[in-house]
Structure formats: C-alpha cells, structure tokens
Amino acid sequence: MGAINATLYAGEFVALIGKNGAGKSTLLRTLSAFQPPLSGTITYPDGCSTLRTAKELSTMLAVVLTDNSRIYNLSVYEVVALGRTPYTNFLGRKRKHDEEIILQVMARMNIEHLANRNINTLSDGERQKVMIAKALAQETEVIMLDEPTSFLDFNSRVQLFRQLKQLAAETGKSILVSTHDLELILKMANRLWVMHDNRLHSGSVDELASAGLLSNFIDNQGIRYNIQQNSIDIVE
C-alpha cells in the first residue's frame, strides 16, 4: 500500500472497502493503535499526533472487532458497562453518571430487554448491537468497526448500517466501518475509503463513481458497476 492520506469528519458514516488482503484490517488496527504505523503520523480528535497511552486513546476512539468471542459469561449489562472503564477508578466503581450513560446507550440500541441475558446466549445480530452499545458507552468521538456484518443475515445487515449512519448523524461521531457488503454500503455510506491499485482513495460515492474509480474497483468478469443505478450488475 502506498502513501495514505485521509480524514474522518464528524457526523459521517464512512465505509472502508477493498479486496481481500488489501490491508483493511491492518489499517484499522494501525489507526486504533493496536499496532504501530510503519511511517507517518495519525492525528487524533484532540489535534495531537504523538503516541498515546491506552487510557488516553480509549477516551478518543472505540473499536468493535469482528471476533468478540473472548467475552464470556457476562450479562449484557456488564458487557456494556465495560465501555465506562476509562472513566472509573482503579476499583472499577461506577458513579451515577456512568450508570445513566449505560442505560441511555442500551436504550438507543434497543437492547434494554436483554440486560440480564448472558452474552453467550445472544444471536449474532443481538451480540453486535451489544458491542456497539459498549463502544457508545465509551463516549468517544470516533468509532471503528471491522466487518460488523460478517455473520448477519441480509435484513440485519441493512438495519445495522442504517443504525450506524443514523448514529453518526445524530451524535456527530465519526463512524468508520470496513466491509465487503458493497451493494448495501454504496447506497448508505456518506463517504468511501477505497483501497485499490496500491492507494487509498477517499470521496463520496458520486465523486468516486464520476472519476471512474468504482468501475475500476468493481468491474470484473461478469460483474459491472452500474453508475446510473449506483448498483452492481451480474452480466451473463
């Protein structure tokens, strides 16, 4: 991958797309400081680009990974409450304010009725909502999600993308999601980050379509990008 220069803007739902092996997950891990950048700098929401402690970063950005299987035997409420960890004392004691935020984000994600359920008993769609609620409980300006629709059925994928776009618009957060759901995301994202030809291209769907980038990225044997319909056609 060549030089990368891109910006996340407040209130936008941004999709990171690219072929398998293009480096989407690596980019997300680098942006969220799970691994150091090979070169260059990352400027965080407070305007600084120096290295940060995990605690500092956890108040600026939240990350929802594809594999959440490492969370076991906790109730839904307890999982969402983990999002308040950056703000609690060393004993993990929650204040009234923390409790209020936990209840608010659970209501926003419509999972209050699951509060006492064990996380292991949930469907994939319910579990994904819980992990997003946990990220919201962190009260960060940026939320990043790696392939959040991987195990969801079509209706659940549509609803999740719709909810993420609405969250960005209503809260002013920047939400970045990596995905292979091209047909859906072309119709729902405010902006795309496209990993193609060893570069990261950034722009709205209309901008990238007009420049021919989406056709270059999508078109393949039997597959064509329909710029008039903003859709993907299967060609016999």
# chains A, B, ... in the order shown; residues from 1 in each chain; ligands from 1
>>> residues_around(residues="A:Val64", least_positions_apart="3", cutoff="8 Å", atoms="only C-alpha atoms", output="list in words")
Met131, Ile132, Ala135, Ile143, Met144, Leu145, Asp146 and Pro148 of chain A
>>> select_by_dssp(residues="stretch 38-212 of chain A", states="alpha helix (DSSP H)", output="PyMOL selection string")
chain A and resi 54-58+76-81+96-108+124-137+154-171+182-188+205-210
>>> residues_around(residues="stretch 35-40 of chain A", least_positions_apart="3", cutoff="9 Å", atoms="only C-alpha atoms", output="ChimeraX atom specification")
/A:3-4,26-27,29-32
>>> write_last_selection(atoms="N, CA, C and O atoms", output="mmCIF file, in the first residue's frame")
data_model
loop_
_atom_site.group_PDB
_atom_site.id
_atom_site.type_symbol
_atom_site.label_atom_id
_atom_site.label_comp_id
_atom_site.auth_asym_id
_atom_site.auth_seq_id
_atom_site.Cartn_x
_atom_site.Cartn_y
_atom_site.Cartn_z
ATOM 1 N N ALA A 3 1.292 5.618 -0.080
ATOM 2 C CA ALA A 3 1.007 6.627 0.932
ATOM 3 C C ALA A 3 -0.490 6.758 1.157
ATOM 4 O O ALA A 3 -1.287 6.691 0.228
ATOM 5 N N ILE A 4 -0.876 6.936 2.414
ATOM 6 C CA ILE A 4 -2.282 7.071 2.794
ATOM 7 C C ILE A 4 -2.489 8.461 3.382
ATOM 8 O O ILE A 4 -1.758 8.886 4.277
ATOM 9 N N THR A 26 -5.535 -4.227 8.752
ATOM 10 C CA THR A 26 -4.253 -3.656 9.188
ATOM 11 C C THR A 26 -4.374 -2.152 9.383
ATOM 12 O O THR A 26 -3.861 -1.590 10.360
ATOM 13 N N LEU A 27 -5.063 -1.490 8.459
ATOM 14 C CA LEU A 27 -5.258 -0.043 8.584
ATOM 15 C C LEU A 27 -6.058 0.280 9.838
ATOM 16 O O LEU A 27 -5.705 1.198 10.593
ATOM 17 N N ARG A 29 -6.322 -1.514 12.565
ATOM 18 C CA ARG A 29 -5.505 -1.784 13.746
ATOM 19 C C ARG A 29 -4.464 -0.685 13.961
ATOM 20 O O ARG A 29 -4.148 -0.327 15.100
ATOM 21 N N THR A 30 -3.955 -0.133 12.870
ATOM 22 C CA THR A 30 -2.973 0.948 12.987
ATOM 23 C C THR A 30 -3.631 2.225 13.491
ATOM 24 O O THR A 30 -3.117 2.899 14.389
ATOM 25 N N LEU A 31 -4.787 2.564 12.925
ATOM 26 C CA LEU A 31 -5.500 3.775 13.345
ATOM 27 C C LEU A 31 -5.900 3.707 14.808
ATOM 28 O O LEU A 31 -5.928 4.729 15.503
ATOM 29 N N SER A 32 -6.217 2.491 15.276
ATOM 30 C CA SER A 32 -6.656 2.335 16.667
ATOM 31 C C SER A 32 -5.504 1.969 17.601
ATOM 32 O O SER A 32 -5.735 1.630 18.759
#
>>> select_by_dssp(residues="stretch 32-136 of chain A", states="strand (DSSP E)", output="list in words")
Leu61, Ala62, Val63 and Val64 of chain A
>>> write_last_selection(atoms="N, CA, C and O atoms", output="mmCIF file, in the first residue's frame")
data_model
loop_
_atom_site.group_PDB
_atom_site.id
_atom_site.type_symbol
_atom_site.label_atom_id
_atom_site.label_comp_id
_atom_site.auth_asym_id
_atom_site.auth_seq_id
_atom_site.Cartn_x
_atom_site.Cartn_y
_atom_site.Cartn_z
ATOM 1 N N LEU A 61 -11.294 7.084 20.886
ATOM 2 C CA LEU A 61 -11.836 6.197 19.866
ATOM 3 C C LEU A 61 -12.185 4.843 20.462
ATOM 4 O O LEU A 61 -11.550 4.368 21.394
ATOM 5 N N ALA A 62 -13.249 4.260 19.920
ATOM 6 C CA ALA A 62 -13.716 2.936 20.337
ATOM 7 C C ALA A 62 -13.653 2.011 19.140
ATOM 8 O O ALA A 62 -13.873 2.434 18.004
ATOM 9 N N VAL A 63 -13.361 0.742 19.397
ATOM 10 C CA VAL A 63 -13.172 -0.224 18.319
ATOM 11 C C VAL A 63 -14.060 -1.435 18.551
ATOM 12 O O VAL A 63 -14.107 -1.970 19.663
ATOM 13 N N VAL A 64 -14.775 -1.858 17.510
ATOM 14 C CA VAL A 64 -15.582 -3.074 17.555
ATOM 15 C C VAL A 64 -15.002 -4.035 16.533
ATOM 16 O O VAL A 64 -15.061 -3.783 15.326
#
>>> closest_residue(among="A:Leu182, A:Gly222, A:Gly172, A:Ala6", to="A:Thr43", atoms="only C-alpha atoms")
A:Ala6
>>> closest_residue(among="A:Ile234, A:Ala211, A:Leu57, A:Leu192", to="A:Leu16", atoms="only C-alpha atoms")
A:Leu192
>>> closest_residue(among="A:Glu141, A:Glu147, A:Asp206, A:Asp233", to="A:Asn220", atoms="only C-alpha atoms")
A:Asp233
>>> atom_distance(atom1="atom CA of A:Ile17", atom2="atom CA of A:Arg108")
27.2 Å
>>> atom_distance(atom1="atom CA of A:Ile175", atom2="atom CA of A:Gly203")
15.0 Å
>>> atom_distance(atom1="atom CA of A:Leu114", atom2="atom CA of A:Tyr72")
15.6 Å
>>> closest_residue(among="A:Val76, A:Val14, A:Val194, A:Leu164", to="A:His113", atoms="only C-alpha atoms")
A:Val76
>>> residues_around(residues="A:His196", least_positions_apart="2", cutoff="8 Å", atoms="only C-alpha atoms", output="PyMOL selection string")
chain A and resi 18-19+22+194+198-201+217
>>> write_last_selection(atoms="N, CA and C atoms", output="mmCIF file, in the first residue's frame")
data_model
loop_
_atom_site.group_PDB
_atom_site.id
_atom_site.type_symbol
_atom_site.label_atom_id
_atom_site.label_comp_id
_atom_site.auth_asym_id
_atom_site.auth_seq_id
_atom_site.Cartn_x
_atom_site.Cartn_y
_atom_site.Cartn_z
ATOM 1 N N GLY A 18 -12.217 -2.792 0.072
ATOM 2 C CA GLY A 18 -11.042 -3.242 -0.659
ATOM 3 C C GLY A 18 -11.080 -4.750 -0.771
ATOM 4 N N LYS A 19 -10.326 -5.272 -1.708
ATOM 5 C CA LYS A 19 -10.294 -6.717 -1.889
ATOM 6 C C LYS A 19 -9.621 -7.391 -0.699
ATOM 7 N N ALA A 22 -6.057 -6.533 0.966
ATOM 8 C CA ALA A 22 -5.665 -5.164 0.618
ATOM 9 C C ALA A 22 -5.111 -4.404 1.819
ATOM 10 N N VAL A 194 -11.509 3.721 -0.369
ATOM 11 C CA VAL A 194 -11.355 2.558 -1.245
ATOM 12 C C VAL A 194 -9.876 2.210 -1.396
ATOM 13 N N ASN A 198 -3.017 -0.079 -4.952
ATOM 14 C CA ASN A 198 -1.964 0.285 -4.001
ATOM 15 C C ASN A 198 -2.104 1.711 -3.481
ATOM 16 N N ARG A 199 -3.330 2.222 -3.463
ATOM 17 C CA ARG A 199 -3.597 3.551 -2.926
ATOM 18 C C ARG A 199 -4.895 3.525 -2.137
ATOM 19 N N LEU A 200 -5.076 4.535 -1.291
ATOM 20 C CA LEU A 200 -6.349 4.734 -0.604
ATOM 21 C C LEU A 200 -7.038 5.935 -1.231
ATOM 22 N N HIS A 201 -8.190 5.693 -1.850
ATOM 23 C CA HIS A 201 -8.960 6.751 -2.492
ATOM 24 C C HIS A 201 -10.115 7.134 -1.571
ATOM 25 N N PHE A 217 -12.642 -0.458 -9.665
ATOM 26 C CA PHE A 217 -12.542 -1.317 -8.488
ATOM 27 C C PHE A 217 -13.469 -2.531 -8.580
#
>>> residues_around(residues="A:Asp124", least_positions_apart="6", cutoff="10 Å", atoms="only C-alpha atoms", output="PDB file with all heavy atoms, in the first residue's frame")
ATOM      1  N   VAL A 130     -24.925  -5.206  21.142  1.00  0.00           N
ATOM      2  CA  VAL A 130     -24.337  -5.042  22.473  1.00  0.00           C
ATOM      3  C   VAL A 130     -22.935  -4.452  22.368  1.00  0.00           C
ATOM      4  O   VAL A 130     -22.572  -3.547  23.136  1.00  0.00           O
ATOM      5  CB  VAL A 130     -24.289  -6.404  23.216  1.00  0.00           C
ATOM      6  CG1 VAL A 130     -23.531  -6.276  24.533  1.00  0.00           C
ATOM      7  CG2 VAL A 130     -25.706  -6.901  23.472  1.00  0.00           C
ATOM      8  N   PRO A 148     -18.478  -5.602  10.668  1.00  0.00           N
ATOM      9  CA  PRO A 148     -19.528  -5.837  11.675  1.00  0.00           C
ATOM     10  C   PRO A 148     -20.693  -6.681  11.181  1.00  0.00           C
ATOM     11  O   PRO A 148     -21.480  -7.172  11.990  1.00  0.00           O
ATOM     12  CB  PRO A 148     -19.995  -4.421  12.021  1.00  0.00           C
ATOM     13  CG  PRO A 148     -19.724  -3.627  10.792  1.00  0.00           C
ATOM     14  CD  PRO A 148     -18.449  -4.193  10.236  1.00  0.00           C
ATOM     15  N   THR A 149     -20.831  -6.857   9.856  1.00  0.00           N
ATOM     16  CA  THR A 149     -21.978  -7.615   9.333  1.00  0.00           C
ATOM     17  C   THR A 149     -21.600  -9.025   8.887  1.00  0.00           C
ATOM     18  O   THR A 149     -22.398  -9.707   8.235  1.00  0.00           O
ATOM     19  CB  THR A 149     -22.610  -6.870   8.136  1.00  0.00           C
ATOM     20  OG1 THR A 149     -21.616  -6.716   7.101  1.00  0.00           O
ATOM     21  CG2 THR A 149     -23.107  -5.504   8.552  1.00  0.00           C
ATOM     22  N   SER A 150     -20.404  -9.482   9.243  1.00  0.00           N
ATOM     23  CA  SER A 150     -19.890 -10.764   8.733  1.00  0.00           C
ATOM     24  C   SER A 150     -20.839 -11.931   8.957  1.00  0.00           C
ATOM     25  O   SER A 150     -20.967 -12.808   8.112  1.00  0.00           O
ATOM     26  CB  SER A 150     -18.540 -11.082   9.379  1.00  0.00           C
ATOM     27  OG  SER A 150     -17.559 -10.195   8.930  1.00  0.00           O
ATOM     28  N   PHE A 151     -21.492 -11.987  10.120  1.00  0.00           N
ATOM     29  CA  PHE A 151     -22.304 -13.151  10.455  1.00  0.00           C
ATOM     30  C   PHE A 151     -23.798 -12.834  10.502  1.00  0.00           C
ATOM     31  O   PHE A 151     -24.579 -13.586  11.093  1.00  0.00           O
ATOM     32  CB  PHE A 151     -21.850 -13.723  11.804  1.00  0.00           C
ATOM     33  CG  PHE A 151     -20.382 -14.033  11.850  1.00  0.00           C
ATOM     34  CD1 PHE A 151     -19.518 -13.250  12.599  1.00  0.00           C
ATOM     35  CD2 PHE A 151     -19.856 -15.082  11.120  1.00  0.00           C
ATOM     36  CE1 PHE A 151     -18.163 -13.526  12.630  1.00  0.00           C
ATOM     37  CE2 PHE A 151     -18.507 -15.366  11.143  1.00  0.00           C
ATOM     38  CZ  PHE A 151     -17.643 -14.587  11.899  1.00  0.00           C
ATOM     39  N   LEU A 152     -24.196 -11.731   9.866  1.00  0.00           N
ATOM     40  CA  LEU A 152     -25.586 -11.302   9.941  1.00  0.00           C
ATOM     41  C   LEU A 152     -26.344 -11.632   8.656  1.00  0.00           C
ATOM     42  O   LEU A 152     -25.770 -11.637   7.564  1.00  0.00           O
ATOM     43  CB  LEU A 152     -25.671  -9.797  10.198  1.00  0.00           C
ATOM     44  CG  LEU A 152     -24.932  -9.264  11.432  1.00  0.00           C
ATOM     45  CD1 LEU A 152     -25.223  -7.780  11.599  1.00  0.00           C
ATOM     46  CD2 LEU A 152     -25.321 -10.033  12.681  1.00  0.00           C
ATOM     47  N   ASP A 153     -27.647 -11.870   8.791  1.00  0.00           N
ATOM     48  CA  ASP A 153     -28.474 -12.077   7.604  1.00  0.00           C
ATOM     49  C   ASP A 153     -28.728 -10.724   6.935  1.00  0.00           C
ATOM     50  O   ASP A 153     -28.363  -9.670   7.461  1.00  0.00           O
ATOM     51  CB  ASP A 153     -29.782 -12.774   7.963  1.00  0.00           C
ATOM     52  CG  ASP A 153     -30.623 -12.004   8.981  1.00  0.00           C
ATOM     53  OD1 ASP A 153     -30.709 -10.767   8.885  1.00  0.00           O
ATOM     54  OD2 ASP A 153     -31.199 -12.641   9.880  1.00  0.00           O
ATOM     55  N   SER A 156     -30.672  -7.989   8.853  1.00  0.00           N
ATOM     56  CA  SER A 156     -29.877  -7.478   9.981  1.00  0.00           C
ATOM     57  C   SER A 156     -28.751  -6.573   9.501  1.00  0.00           C
ATOM     58  O   SER A 156     -28.408  -5.588  10.158  1.00  0.00           O
ATOM     59  CB  SER A 156     -29.301  -8.647  10.797  1.00  0.00           C
ATOM     60  OG  SER A 156     -30.334  -9.415  11.371  1.00  0.00           O
TER      61      SER A 156
END
>>> residues_around(residues="A:Ser215", least_positions_apart="3", cutoff="10 Å", atoms="only C-alpha atoms", output="list in words")
Leu208, Ala209, Ser210, Ala211, Gly212, Ile218, Asp219, Asn220, Ile223, Arg224, Tyr225, Asn226, Ile227 and Ile232 of chain A
>>> write_last_selection(atoms="N, CA and C atoms", output="mmCIF file, in the first residue's frame")
data_model
loop_
_atom_site.group_PDB
_atom_site.id
_atom_site.type_symbol
_atom_site.label_atom_id
_atom_site.label_comp_id
_atom_site.auth_asym_id
_atom_site.auth_seq_id
_atom_site.Cartn_x
_atom_site.Cartn_y
_atom_site.Cartn_z
ATOM 1 N N LEU A 208 -16.476 9.361 -6.468
ATOM 2 C CA LEU A 208 -15.658 8.239 -6.898
ATOM 3 C C LEU A 208 -16.253 7.553 -8.130
ATOM 4 N N ALA A 209 -17.584 7.556 -8.234
ATOM 5 C CA ALA A 209 -18.223 6.983 -9.424
ATOM 6 C C ALA A 209 -17.913 7.834 -10.652
ATOM 7 N N SER A 210 -18.029 9.156 -10.530
ATOM 8 C CA SER A 210 -17.773 10.062 -11.653
ATOM 9 C C SER A 210 -16.325 9.988 -12.121
ATOM 10 N N ALA A 211 -15.412 9.743 -11.186
ATOM 11 C CA ALA A 211 -13.991 9.652 -11.527
ATOM 12 C C ALA A 211 -13.628 8.298 -12.142
ATOM 13 N N GLY A 212 -14.587 7.368 -12.172
ATOM 14 C CA GLY A 212 -14.326 6.054 -12.741
ATOM 15 C C GLY A 212 -13.690 5.076 -11.771
ATOM 16 N N ILE A 218 -14.691 -2.314 -9.071
ATOM 17 C CA ILE A 218 -15.716 -3.362 -9.035
ATOM 18 C C ILE A 218 -15.721 -4.247 -10.282
ATOM 19 N N ASP A 219 -15.561 -3.637 -11.463
ATOM 20 C CA ASP A 219 -15.723 -4.391 -12.708
ATOM 21 C C ASP A 219 -14.767 -5.576 -12.778
ATOM 22 N N ASN A 220 -15.336 -6.710 -13.129
ATOM 23 C CA ASN A 220 -14.558 -7.936 -13.266
ATOM 24 C C ASN A 220 -15.317 -8.843 -14.218
ATOM 25 N N ILE A 223 -19.131 -9.052 -13.808
ATOM 26 C CA ILE A 223 -19.583 -8.093 -12.793
ATOM 27 C C ILE A 223 -19.332 -6.682 -13.312
ATOM 28 N N ARG A 224 -20.344 -5.824 -13.236
ATOM 29 C CA ARG A 224 -20.209 -4.449 -13.714
ATOM 30 C C ARG A 224 -20.839 -3.477 -12.723
ATOM 31 N N TYR A 225 -20.181 -2.341 -12.540
ATOM 32 C CA TYR A 225 -20.767 -1.271 -11.728
ATOM 33 C C TYR A 225 -21.683 -0.440 -12.610
ATOM 34 N N ASN A 226 -22.928 -0.285 -12.198
ATOM 35 C CA ASN A 226 -23.923 0.497 -12.929
ATOM 36 C C ASN A 226 -23.968 1.894 -12.320
ATOM 37 N N ILE A 227 -23.317 2.847 -12.986
ATOM 38 C CA ILE A 227 -23.202 4.191 -12.418
ATOM 39 C C ILE A 227 -24.552 4.900 -12.376
ATOM 40 N N ILE A 232 -24.610 -2.901 -8.554
ATOM 41 C CA ILE A 232 -23.697 -3.861 -9.165
ATOM 42 C C ILE A 232 -24.518 -4.859 -9.975
#
